[in-house]
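> If you scroll down you'll find the structure; I have some questions about it.
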Amino acid sequence: MWLPDGYRCRSVSLADVAAIHRLVASCERELHGRPTTGADRLAAELSLPGLRPESDTLLVRDGTGGPVGYCWVQGRRARVHVHPGHQGRGLGSGLLGWAEDRTRQAGGDRLAQTVSDTDRAATALLRAAGYSRLVTEWLLEVALPHGPHVPDPPAGITVRPFRPGDEQAAHQLTEDAFDEWQPRRKTYAQWARRTVERPTFVPAASPVAFAGEQMVGAVLSLEIPAHGEEGADGYAEADADGCAAEGIEGDAEGYVARVAVRRDHRGRGIARTLLLQAFDTFHRRGRPACTLWTHSGTGAFAMYERLGMTVRRSSTLYGKALV
């Protein structure tokens, strides 16, 4: 067994979310000065369709029973966390090796992991294990002290907030757009668990665009705790025009989880209109800022800059062929 003396491990259940959240928060304080991932997101990850916690997750505990390491793997993706006070003892390399073995057992031939660019230890570990850089991902933000000017939609396009019944069309639209760079399509259940079924989903800040009866553009938004950050999900979940992309009391900010415009309607300013509509809604809801992730493969960075967005932090997606 790869575990150092004094540690033990087991699979994870939803009952472990609070403990895992404490572990992840400790890692993020070390890297960013504050926790950035909510328990809501960790619970969503463990509930993803196709993820089998009994075989696809691992929780490492020290002699006191406290959680000090955590890993999950699904398809070609993995996530690994090691408590700052327990790094340098082989836990990270052990969890990474376990994730690779689990991927091979499930028939996978590649594995990828996103790490913050401030996490030099994880970056060094991945490079030493044969992982190479795939894309750079940026968490962008825009301050919302004032509501932005929202332009009229392009000719022939109507825009309205997301409403019940839009789910299947939005899934089809966003997955078609993301097909250009994502490794695989998400089923409706996988997609919905990360978007419209999240308790933090905000229909009012999720405008959709129509040409006649056909949905041709969509922005899907969440509300997250202020200074919290949704992690980039594979290739970044939010992208631009021409690219795919429980209510919270008190302080919160907006987060755009998906932006997509149908290929034959790109270049018309639809994404810009939808994003500004979402920003304006978050401003009117009293949210001080809105964030989204994008990555270097989309070519969307310049458009977001024109909307006044700046980089809050960056991360890199590393991948490796498993032989």
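Starting from 1 in every chain, residues are counted up; chains themselves are A, B, ... following the order of the structure tokens, and ligands are numbered from 1 as listed.
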I'd like the neighbourhood of segment 121-133 of chain A as a list in words, where a residue qualifies if any of its atoms comes within 9 Å (using only C-alpha atoms), though same-chain residues fewer than 5 positions away should be ignored.
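The residues that qualify are Gln87, Gly88, Gly92, Ser93, Leu96, Leu111, Ala112, Gln113, Val115, Ser116, Thr316, Leu317, Tyr318, Gly319, Lys320 and Ala321 of chain A.
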> Generate a file of the selected residues that holds all heavy atoms, formatted as a compact mmCIF listing (two decimals), in the first residue's frame.

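Written file, result_22.txt:
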```txt
# COMPACT_ATOMS: atom_id res chain seq x y z
N GLN A 87 1.78 17.88 3.51
CA GLN A 87 2.45 17.78 2.22
C GLN A 87 3.91 17.38 2.42
O GLN A 87 4.48 17.53 3.49
CB GLN A 87 2.34 19.11 1.48
CG GLN A 87 0.91 19.44 1.06
CD GLN A 87 0.77 20.79 0.41
OE1 GLN A 87 1.74 21.51 0.22
NE2 GLN A 87 -0.47 21.16 0.06
N GLY A 88 4.51 16.83 1.36
CA GLY A 88 5.88 16.40 1.43
C GLY A 88 6.07 15.03 2.05
O GLY A 88 7.20 14.63 2.34
N GLY A 92 0.40 13.22 -1.95
CA GLY A 92 0.00 13.71 -3.27
C GLY A 92 0.36 12.75 -4.37
O GLY A 92 -0.46 12.43 -5.24
N SER A 93 1.59 12.24 -4.38
CA SER A 93 2.00 11.31 -5.41
C SER A 93 1.24 10.00 -5.29
O SER A 93 0.89 9.36 -6.30
CB SER A 93 3.51 11.06 -5.35
OG SER A 93 3.88 10.58 -4.07
N LEU A 96 -2.28 10.62 -6.67
CA LEU A 96 -2.21 10.74 -8.12
C LEU A 96 -2.03 9.36 -8.76
O LEU A 96 -2.69 9.04 -9.76
CB LEU A 96 -1.06 11.65 -8.51
CG LEU A 96 -0.90 11.95 -10.01
CD1 LEU A 96 -2.14 12.65 -10.56
CD2 LEU A 96 0.35 12.80 -10.26
N LEU A 111 -5.60 11.01 -18.49
CA LEU A 111 -6.07 11.64 -17.26
C LEU A 111 -5.62 13.09 -17.26
O LEU A 111 -4.52 13.41 -17.71
CB LEU A 111 -5.50 10.92 -16.03
CG LEU A 111 -6.12 11.33 -14.68
CD1 LEU A 111 -7.60 10.98 -14.63
CD2 LEU A 111 -5.39 10.65 -13.53
N ALA A 112 -6.49 13.97 -16.76
CA ALA A 112 -6.18 15.40 -16.70
C ALA A 112 -6.57 15.94 -15.34
O ALA A 112 -7.49 15.44 -14.68
CB ALA A 112 -6.91 16.15 -17.81
N GLN A 113 -5.87 16.98 -14.94
CA GLN A 113 -6.14 17.62 -13.66
C GLN A 113 -5.82 19.11 -13.77
O GLN A 113 -4.82 19.49 -14.38
CB GLN A 113 -5.28 17.00 -12.56
CG GLN A 113 -5.57 17.56 -11.17
CD GLN A 113 -4.72 16.91 -10.10
OE1 GLN A 113 -4.65 17.42 -8.98
NE2 GLN A 113 -4.04 15.82 -10.41
N VAL A 115 -4.81 22.58 -11.86
CA VAL A 115 -4.21 23.07 -10.62
C VAL A 115 -4.00 24.57 -10.73
O VAL A 115 -3.76 25.11 -11.81
CB VAL A 115 -2.86 22.38 -10.30
CG1 VAL A 115 -3.06 20.89 -10.10
CG2 VAL A 115 -1.84 22.65 -11.37
N SER A 116 -4.10 25.24 -9.59
CA SER A 116 -3.87 26.68 -9.55
C SER A 116 -2.42 26.97 -9.91
O SER A 116 -1.50 26.24 -9.53
CB SER A 116 -4.16 27.21 -8.15
OG SER A 116 -3.74 28.56 -8.03
N THR A 316 -3.96 25.96 -14.62
CA THR A 316 -3.53 25.25 -15.82
C THR A 316 -4.09 23.83 -15.79
O THR A 316 -4.08 23.17 -14.74
CB THR A 316 -2.01 25.20 -15.92
OG1 THR A 316 -1.51 26.56 -16.04
CG2 THR A 316 -1.55 24.43 -17.15
N LEU A 317 -4.56 23.39 -16.94
CA LEU A 317 -5.02 22.01 -17.10
C LEU A 317 -3.85 21.20 -17.65
O LEU A 317 -3.29 21.51 -18.71
CB LEU A 317 -6.20 21.96 -18.07
CG LEU A 317 -6.76 20.57 -18.37
CD1 LEU A 317 -7.42 19.98 -17.12
CD2 LEU A 317 -7.77 20.63 -19.50
N TYR A 318 -3.45 20.17 -16.90
CA TYR A 318 -2.39 19.27 -17.30
C TYR A 318 -2.98 17.91 -17.66
O TYR A 318 -3.94 17.45 -17.02
CB TYR A 318 -1.38 19.09 -16.16
CG TYR A 318 -0.57 20.33 -15.86
CD1 TYR A 318 -0.99 21.23 -14.89
CD2 TYR A 318 0.62 20.58 -16.54
CE1 TYR A 318 -0.25 22.37 -14.61
CE2 TYR A 318 1.36 21.72 -16.25
CZ TYR A 318 0.92 22.60 -15.30
OH TYR A 318 1.66 23.72 -15.03
N GLY A 319 -2.41 17.27 -18.68
CA GLY A 319 -2.90 15.97 -19.11
C GLY A 319 -1.76 14.98 -19.36
O GLY A 319 -0.61 15.38 -19.57
N LYS A 320 -2.12 13.70 -19.35
CA LYS A 320 -1.13 12.64 -19.54
C LYS A 320 -1.80 11.44 -20.19
O LYS A 320 -2.92 11.05 -19.82
CB LYS A 320 -0.55 12.23 -18.18
CG LYS A 320 0.40 11.05 -18.21
CD LYS A 320 0.86 10.72 -16.81
CE LYS A 320 1.75 9.48 -16.75
NZ LYS A 320 2.17 9.18 -15.36
N ALA A 321 -1.11 10.86 -21.17
CA ALA A 321 -1.57 9.60 -21.74
C ALA A 321 -1.15 8.47 -20.81
O ALA A 321 0.00 8.41 -20.36
CB ALA A 321 -0.96 9.39 -23.13
```
> Please provide as a PyMOL selection string all residues within 8 Å of segment 21-25 of chain A, with the sequence filter that same-chain residues fewer than 6 positions apart are discarded (counting only C-alpha atoms).
chain A and resi 34-39+42+67-69+81-83
> Store the residues picked out above in a file with C-alpha atoms, as a PDB file, in the first residue's frame.

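again25.pdb, freshly written:
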```pdb
ATOM      1  CA  ARG A  34      -9.092  32.463   1.726  1.00  0.00           C
ATOM      2  CA  PRO A  35     -11.405  29.527   0.956  1.00  0.00           C
ATOM      3  CA  THR A  36     -12.753  29.686  -2.591  1.00  0.00           C
ATOM      4  CA  THR A  37     -14.835  26.502  -2.993  1.00  0.00           C
ATOM      5  CA  GLY A  38     -18.230  26.088  -1.360  1.00  0.00           C
ATOM      6  CA  ALA A  39     -19.603  22.906   0.143  1.00  0.00           C
ATOM      7  CA  LEU A  42     -18.233  19.589  -3.451  1.00  0.00           C
ATOM      8  CA  PRO A  67      -9.138  14.272   6.759  1.00  0.00           C
ATOM      9  CA  VAL A  68      -5.771  15.192   5.246  1.00  0.00           C
ATOM     10  CA  GLY A  69      -6.100  13.992   1.638  1.00  0.00           C
ATOM     11  CA  HIS A  81      -6.136  17.797  -2.389  1.00  0.00           C
ATOM     12  CA  VAL A  82      -3.568  17.342   0.388  1.00  0.00           C
ATOM     13  CA  HIS A  83      -3.662  19.350   3.615  1.00  0.00           C
TER      14      HIS A  83
END
```
> Segment 53-215 of chain A: which residues are helix (DSSP H, G or I) by DSSP, as a VMD selection string?
chain A and resid 53 to 56 84 to 86 91 to 105 120 to 128 167 to 178 188 to 194 203 to 205
> At a cut-off of 7 Å, using only C-alpha atoms, what residues contact Leu222 of chain A? Leave out same-chain residues fewer than 6 positions from it and give the result as a list in words.
Thr200, Phe201, Val202, Gly254, Tyr255, Val256 and Ala257 of chain A
> Compare A:Gly147, A:Glu197, A:Arg262, A:Asp176 by their minimum atom-to-atom distance to Thr281 of chain A, counting only C-alpha atoms, and give me the closest one.
A:Gly147
> So that I can see what lies close to Ser221 of chain A, please list as a PyMOL selection string the residues with an atom at most 10 Å from it, counting only C-alpha atoms and leaving out residues fewer than 3 positions away in the same chain.
chain A and resi 162+195-196+200-207+218+224+238+254-259+275+278-279+282+290-292
> As a count of residues only, please: every residue in segment 11-256 of chain A that a backbone DSSP assignment puts in strand (DSSP E or B).
66
> Counting only C-alpha atoms, which residue out of A:Leu134, A:Ala18, A:Ile270, A:Val219 sits closest to Thr174 of chain A?
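Checking each of A:Leu134, A:Ala18, A:Ile270, A:Val219 against Thr174 of chain A, counting only C-alpha atoms, the winner is A:Val219.
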